[in-house]
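In what follows, a structure is listed as structure tokens, so that the remarks can point back to it.
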Amino acid sequence: MKTATFTDGVVIAVTAAVAGTLLFTLINTILPVAATLYLLVTVGTALYLVYLLKRSTQSVGRIVTLALWLSASMVAWFSGVQLPLYLLLQIVMIWLTRSLYFYSSLLPTMADLGLNILALAAAYWVFIQTQSIALTLWSFFLTQALFVYIPPSMKEKTTSTGHTQTKTDRFNQAHQAAQAAVRKLSANH
């Protein structure tokens, strides 16, 4: 199983921009703009979640994750949730999926939440500036591609003796080494 890479993210961003624009143009001839946008968001999220699950090293719960996403999306869509709230639901599902399948501690999960907020803000800003579906999708998914740089865990380092070394321990060791060096220098003068 291949892990996710930034290059994959760039390919997804280009594909989403091109395919999303084509899909929007084709479907918008049949459906109203709002319905077309709901469909575009749903299809885009579905494909991105499938990509994430395929790139994950965890194999447990994939069908449940997709079923949960599909259920939440259907309930939101058919209950008439406004598009901005529906979009937030989809972004939360992306965040939850990455949190469950790619991270093992709270700090990377929170960093990923920040990345999702940044991706949403970038996409919103681009859309306001350009009114372009292609550039909006490109911006959103390109920002999402940065998730591969968030370390899976930000646990404390373990020494060769198996002792967990905290930041305080490392600071104290460095402080003691500095004091010893100062004593040695002052003894030589």
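Each chain in the structure tokens gets a letter, A, B, ..., in the order shown, and its residues are numbered from 1; ligands are numbered from 1 in order too.
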All residues 12 Å or closer to Ala76 in chain A, only C-alpha atoms, same chain fewer than 2 positions away omitted, as a compact mmCIF listing (two decimals) with C-alpha atoms, in the first residue's frame:
# COMPACT_ATOMS: atom_id res chain seq x y z
CA TYR A 38 -24.08 20.14 -3.87
CA THR A 42 -20.36 15.42 -2.69
CA TRP A 69 -19.91 9.85 5.50
CA LEU A 70 -22.65 8.77 3.09
CA SER A 71 -25.28 8.73 5.83
CA ALA A 72 -24.30 12.17 7.15
CA SER A 73 -24.21 13.59 3.62
CA MET A 74 -27.61 12.18 2.69
CA PHE A 78 -32.21 15.85 2.09
CA SER A 79 -32.90 17.94 5.18
CA GLY A 80 -32.12 21.07 3.18
CA VAL A 81 -28.92 22.16 4.91
CA GLN A 82 -27.56 25.31 3.31
CA LEU A 83 -24.52 24.86 1.04
CA PRO A 84 -21.96 26.53 3.38
CA LEU A 85 -22.98 24.22 6.23
CA TYR A 86 -22.98 21.22 3.89
CA LEU A 87 -19.47 22.16 2.77
CA LEU A 88 -18.36 22.38 6.42
CA LEU A 89 -19.77 18.90 7.03
CA GLN A 90 -17.70 17.55 4.15
Spatial neighbours of range 23-35 of chain A, max dist 10 Å, only C-alpha atoms, sep filter under 3 positions, as a PDB file with N, CA, C and O atoms, in the first residue's frame:
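Okay, this is what ended up in result-v4.pdb:
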ATOM      1  N   ALA A  16      -8.963  17.571  -9.790  1.00  0.00           N
ATOM      2  CA  ALA A  16     -10.190  18.155  -9.235  1.00  0.00           C
ATOM      3  C   ALA A  16     -10.558  19.438  -9.960  1.00  0.00           C
ATOM      4  O   ALA A  16     -11.739  19.684 -10.245  1.00  0.00           O
ATOM      5  N   ALA A  17      -9.562  20.257 -10.274  1.00  0.00           N
ATOM      6  CA  ALA A  17      -9.836  21.521 -10.960  1.00  0.00           C
ATOM      7  C   ALA A  17     -10.413  21.275 -12.352  1.00  0.00           C
ATOM      8  O   ALA A  17     -11.427  21.880 -12.730  1.00  0.00           O
ATOM      9  N   VAL A  18      -9.803  20.379 -13.091  1.00  0.00           N
ATOM     10  CA  VAL A  18     -10.258  20.110 -14.466  1.00  0.00           C
ATOM     11  C   VAL A  18     -11.588  19.350 -14.460  1.00  0.00           C
ATOM     12  O   VAL A  18     -12.563  19.768 -15.094  1.00  0.00           O
ATOM     13  N   ALA A  19     -11.632  18.237 -13.733  1.00  0.00           N
ATOM     14  CA  ALA A  19     -12.849  17.413 -13.713  1.00  0.00           C
ATOM     15  C   ALA A  19     -14.012  18.159 -13.056  1.00  0.00           C
ATOM     16  O   ALA A  19     -15.154  18.058 -13.520  1.00  0.00           O
ATOM     17  N   GLY A  20     -13.722  18.901 -11.995  1.00  0.00           N
ATOM     18  CA  GLY A  20     -14.770  19.656 -11.320  1.00  0.00           C
ATOM     19  C   GLY A  20     -15.389  20.703 -12.222  1.00  0.00           C
ATOM     20  O   GLY A  20     -16.601  20.898 -12.224  1.00  0.00           O
ATOM     21  N   TYR A  38     -23.949  21.227  -4.846  1.00  0.00           N
ATOM     22  CA  TYR A  38     -24.080  20.141  -3.866  1.00  0.00           C
ATOM     23  C   TYR A  38     -23.493  18.848  -4.427  1.00  0.00           C
ATOM     24  O   TYR A  38     -22.755  18.142  -3.757  1.00  0.00           O
ATOM     25  N   LEU A  39     -23.850  18.556  -5.659  1.00  0.00           N
ATOM     26  CA  LEU A  39     -23.364  17.331  -6.298  1.00  0.00           C
ATOM     27  C   LEU A  39     -21.848  17.372  -6.470  1.00  0.00           C
ATOM     28  O   LEU A  39     -21.163  16.380  -6.207  1.00  0.00           O
ATOM     29  N   LEU A  40     -21.319  18.492  -6.880  1.00  0.00           N
ATOM     30  CA  LEU A  40     -19.871  18.653  -7.073  1.00  0.00           C
ATOM     31  C   LEU A  40     -19.129  18.457  -5.751  1.00  0.00           C
ATOM     32  O   LEU A  40     -18.117  17.741  -5.692  1.00  0.00           O
ATOM     33  N   VAL A  41     -19.624  19.046  -4.690  1.00  0.00           N
ATOM     34  CA  VAL A  41     -18.999  18.910  -3.368  1.00  0.00           C
ATOM     35  C   VAL A  41     -19.057  17.452  -2.909  1.00  0.00           C
ATOM     36  O   VAL A  41     -18.074  16.906  -2.393  1.00  0.00           O
ATOM     37  N   VAL A  43     -19.401  14.603  -4.750  1.00  0.00           N
ATOM     38  CA  VAL A  43     -18.542  13.737  -5.563  1.00  0.00           C
ATOM     39  C   VAL A  43     -17.072  13.992  -5.240  1.00  0.00           C
ATOM     40  O   VAL A  43     -16.285  13.043  -5.090  1.00  0.00           O
ATOM     41  N   TRP A  77     -28.122  16.643   3.014  1.00  0.00           N
ATOM     42  CA  TRP A  77     -28.633  17.057   1.712  1.00  0.00           C
ATOM     43  C   TRP A  77     -30.166  17.071   1.713  1.00  0.00           C
ATOM     44  O   TRP A  77     -30.793  18.038   1.310  1.00  0.00           O
ATOM     45  N   GLN A  82     -28.112  24.329   4.239  1.00  0.00           N
ATOM     46  CA  GLN A  82     -27.557  25.311   3.305  1.00  0.00           C
ATOM     47  C   GLN A  82     -26.166  24.869   2.837  1.00  0.00           C
ATOM     48  O   GLN A  82     -25.443  24.184   3.566  1.00  0.00           O
ATOM     49  N   LEU A  83     -25.779  25.287   1.645  1.00  0.00           N
ATOM     50  CA  LEU A  83     -24.521  24.858   1.040  1.00  0.00           C
ATOM     51  C   LEU A  83     -23.298  25.138   1.917  1.00  0.00           C
ATOM     52  O   LEU A  83     -22.440  24.258   2.046  1.00  0.00           O
ATOM     53  N   ILE A 133     -14.503  28.123 -10.552  1.00  0.00           N
ATOM     54  CA  ILE A 133     -14.615  26.815  -9.910  1.00  0.00           C
ATOM     55  C   ILE A 133     -13.268  26.099  -9.972  1.00  0.00           C
ATOM     56  O   ILE A 133     -12.825  25.505  -8.989  1.00  0.00           O
ATOM     57  N   ALA A 134     -12.604  26.177 -11.110  1.00  0.00           N
ATOM     58  CA  ALA A 134     -11.320  25.488 -11.288  1.00  0.00           C
ATOM     59  C   ALA A 134     -10.275  25.987 -10.298  1.00  0.00           C
ATOM     60  O   ALA A 134      -9.613  25.190  -9.628  1.00  0.00           O
TER      61      ALA A 134
END
ask   = What lies within 9 Å of Tyr124 in chain A using only C-alpha atoms, ignoring chain neighbours under 5 positions off, as a ChimeraX atom specification?
value = /A:119,129,136,140
Limited to C-alpha atoms, could you put the picked residues into a file as a PDB file, in the first residue's frame?
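Now in selection-v7.pdb:
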ATOM      1  CA  ALA A 119      -7.776  25.200   2.856  1.00  0.00           C
ATOM      2  CA  GLN A 129     -11.508  37.031  -6.130  1.00  0.00           C
ATOM      3  CA  THR A 136     -11.226  27.327  -6.155  1.00  0.00           C
ATOM      4  CA  PHE A 140      -8.555  23.836  -1.799  1.00  0.00           C
TER       5      PHE A 140
END
message = What does the structure give for the distance between CA of Tyr103 in chain A and CA of Phe171 in chain A, in Å to one decimal?
response =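 Computed distance, CA of Tyr103 in chain A to CA of Phe171 in chain A, equals 26.6 Å.
Per DSSP on the backbone, alpha helix (DSSP H) in range 123-154 of chain A comprises Ala123, Tyr124, Trp125, Val126, Phe127, Ile128, Gln129, Thr130, Ile133, Ala134, Leu135, Thr136, Leu137, Trp138, Ser139, Phe140, Phe141, Leu142, Thr143 and Gln144 of chain A.
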ask   = Which residues, written as a ChimeraX atom specification, have at least one atom at most 6 Å from Arg55 in chain A, with only C-alpha atoms counted and residues fewer than 4 positions away on the same chain left out?
value = /A:2-4
query = Which of these, A:Ala46, A:Leu37, A:Val10, A:Leu185, has the shortest distance to Leu146 in chain A once you count only C-alpha atoms?
reply = A:Val10
task = List the neighbours of Ala121 in chain A out to 12 Å using only C-alpha atoms; skip same-chain residues closer than 2 positions along the sequence, and give me the result as an MDAnalysis selection string.
result = chainID A and resid 88 91 114:119 123:128 136 139:141 143:144
Take the selection from the previous step and output its residues with N, CA, C and O atoms, as a JSON list (two decimals), in the first residue's frame.
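Writing done, so here's result.json:
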[["chain", "number", "residue", "atom", "x", "y", "z"],
["A", 88, "LEU", "N", -19.06, 22.58, 5.14],
["A", 88, "LEU", "CA", -18.36, 22.38, 6.42],
["A", 88, "LEU", "C", -18.46, 20.92, 6.87],
["A", 88, "LEU", "O", -17.48, 20.37, 7.40],
["A", 91, "ILE", "N", -15.92, 18.96, 4.97],
["A", 91, "ILE", "CA", -14.55, 19.24, 5.44],
["A", 91, "ILE", "C", -14.31, 18.56, 6.79],
["A", 91, "ILE", "O", -13.23, 18.01, 7.03],
["A", 114, "GLY", "N", -6.34, 22.75, 11.60],
["A", 114, "GLY", "CA", -5.87, 24.06, 11.15],
["A", 114, "GLY", "C", -5.65, 24.09, 9.65],
["A", 114, "GLY", "O", -5.97, 25.07, 8.97],
["A", 115, "LEU", "N", -5.09, 23.00, 9.11],
["A", 115, "LEU", "CA", -4.87, 22.91, 7.66],
["A", 115, "LEU", "C", -6.20, 22.94, 6.91],
["A", 115, "LEU", "O", -6.32, 23.59, 5.87],
["A", 116, "ASN", "N", -7.20, 22.25, 7.43],
["A", 116, "ASN", "CA", -8.52, 22.26, 6.79],
["A", 116, "ASN", "C", -9.14, 23.65, 6.81],
["A", 116, "ASN", "O", -9.77, 24.07, 5.84],
["A", 117, "ILE", "N", -8.97, 24.35, 7.92],
["A", 117, "ILE", "CA", -9.48, 25.72, 7.99],
["A", 117, "ILE", "C", -8.74, 26.60, 7.00],
["A", 117, "ILE", "O", -9.36, 27.42, 6.30],
["A", 118, "LEU", "N", -7.43, 26.42, 6.90],
["A", 118, "LEU", "CA", -6.64, 27.18, 5.92],
["A", 118, "LEU", "C", -7.08, 26.87, 4.50],
["A", 118, "LEU", "O", -7.20, 27.77, 3.66],
["A", 119, "ALA", "N", -7.33, 25.59, 4.20],
["A", 119, "ALA", "CA", -7.78, 25.20, 2.86],
["A", 119, "ALA", "C", -9.12, 25.83, 2.52],
["A", 119, "ALA", "O", -9.32, 26.32, 1.40],
["A", 123, "ALA", "N", -9.65, 28.60, -0.42],
["A", 123, "ALA", "CA", -10.65, 28.37, -1.48],
["A", 123, "ALA", "C", -11.68, 29.48, -1.51],
["A", 123, "ALA", "O", -12.06, 29.97, -2.59],
["A", 124, "TYR", "N", -12.13, 29.91, -0.35],
["A", 124, "TYR", "CA", -13.12, 30.99, -0.28],
["A", 124, "TYR", "C", -12.54, 32.29, -0.86],
["A", 124, "TYR", "O", -13.19, 32.96, -1.65],
["A", 125, "TRP", "N", -11.32, 32.61, -0.45],
["A", 125, "TRP", "CA", -10.69, 33.83, -0.94],
["A", 125, "TRP", "C", -10.52, 33.78, -2.46],
["A", 125, "TRP", "O", -10.82, 34.76, -3.16],
["A", 126, "VAL", "N", -10.07, 32.65, -2.98],
["A", 126, "VAL", "CA", -9.89, 32.51, -4.43],
["A", 126, "VAL", "C", -11.22, 32.63, -5.14],
["A", 126, "VAL", "O", -11.33, 33.30, -6.17],
["A", 127, "PHE", "N", -12.27, 32.02, -4.59],
["A", 127, "PHE", "CA", -13.57, 32.10, -5.24],
["A", 127, "PHE", "C", -14.09, 33.54, -5.25],
["A", 127, "PHE", "O", -14.63, 34.00, -6.25],
["A", 128, "ILE", "N", -13.93, 34.25, -4.14],
["A", 128, "ILE", "CA", -14.38, 35.64, -4.06],
["A", 128, "ILE", "C", -13.61, 36.50, -5.07],
["A", 128, "ILE", "O", -14.19, 37.36, -5.73],
["A", 136, "THR", "N", -10.78, 27.60, -7.52],
["A", 136, "THR", "CA", -11.23, 27.33, -6.15],
["A", 136, "THR", "C", -10.89, 25.89, -5.77],
["A", 136, "THR", "O", -10.33, 25.64, -4.69],
["A", 139, "SER", "N", -7.08, 25.49, -5.41],
["A", 139, "SER", "CA", -6.58, 26.06, -4.14],
["A", 139, "SER", "C", -6.91, 25.16, -2.96],
["A", 139, "SER", "O", -6.07, 24.92, -2.09],
["A", 140, "PHE", "N", -8.14, 24.68, -2.91],
["A", 140, "PHE", "CA", -8.55, 23.84, -1.80],
["A", 140, "PHE", "C", -7.72, 22.56, -1.74],
["A", 140, "PHE", "O", -7.16, 22.21, -0.69],
["A", 141, "PHE", "N", -7.65, 21.84, -2.84],
["A", 141, "PHE", "CA", -6.96, 20.55, -2.82],
["A", 141, "PHE", "C", -5.44, 20.69, -2.77],
["A", 141, "PHE", "O", -4.76, 19.82, -2.23],
["A", 143, "THR", "N", -3.91, 23.00, -1.02],
["A", 143, "THR", "CA", -3.67, 23.22, 0.41],
["A", 143, "THR", "C", -3.84, 21.91, 1.17],
["A", 143, "THR", "O", -3.06, 21.60, 2.08],
["A", 144, "GLN", "N", -4.82, 21.11, 0.80],
["A", 144, "GLN", "CA", -5.03, 19.81, 1.45],
["A", 144, "GLN", "C", -3.81, 18.90, 1.26],
["A", 144, "GLN", "O", -3.52, 18.06, 2.11]]
inquiry  = Taking 5 positions as the minimum chain separation for residues in the same chain, which residues sit within 9 Å of Ala111 in chain A when counting only C-alpha atoms? Answer as an MDAnalysis selection string.
reply    = chainID A and resid 106 116 147 150
task = Extract the full set of strand (DSSP E) residues from range 39-175 of chain A according to DSSP on the backbone, and format it as JSON, numbers by chain.
result = {"A": [157, 158, 164, 165]}
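Residues lying within 10 Å of Leu96 in chain A, counting only C-alpha atoms and ignoring same-chain neighbours fewer than 6 positions away, are Thr65, Gln90, Phe102, Thr109, Asp112 and Leu113 of chain A.
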Atomic distance CA of Leu107 in chain A - CA of Val11 in chain A, expressed in Å with one decimal =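 These atoms are spaced 27.4 Å apart.
We find CA of Trp138 in chain A and CA of Ile12 in chain A to be spaced 8.6 Å apart.
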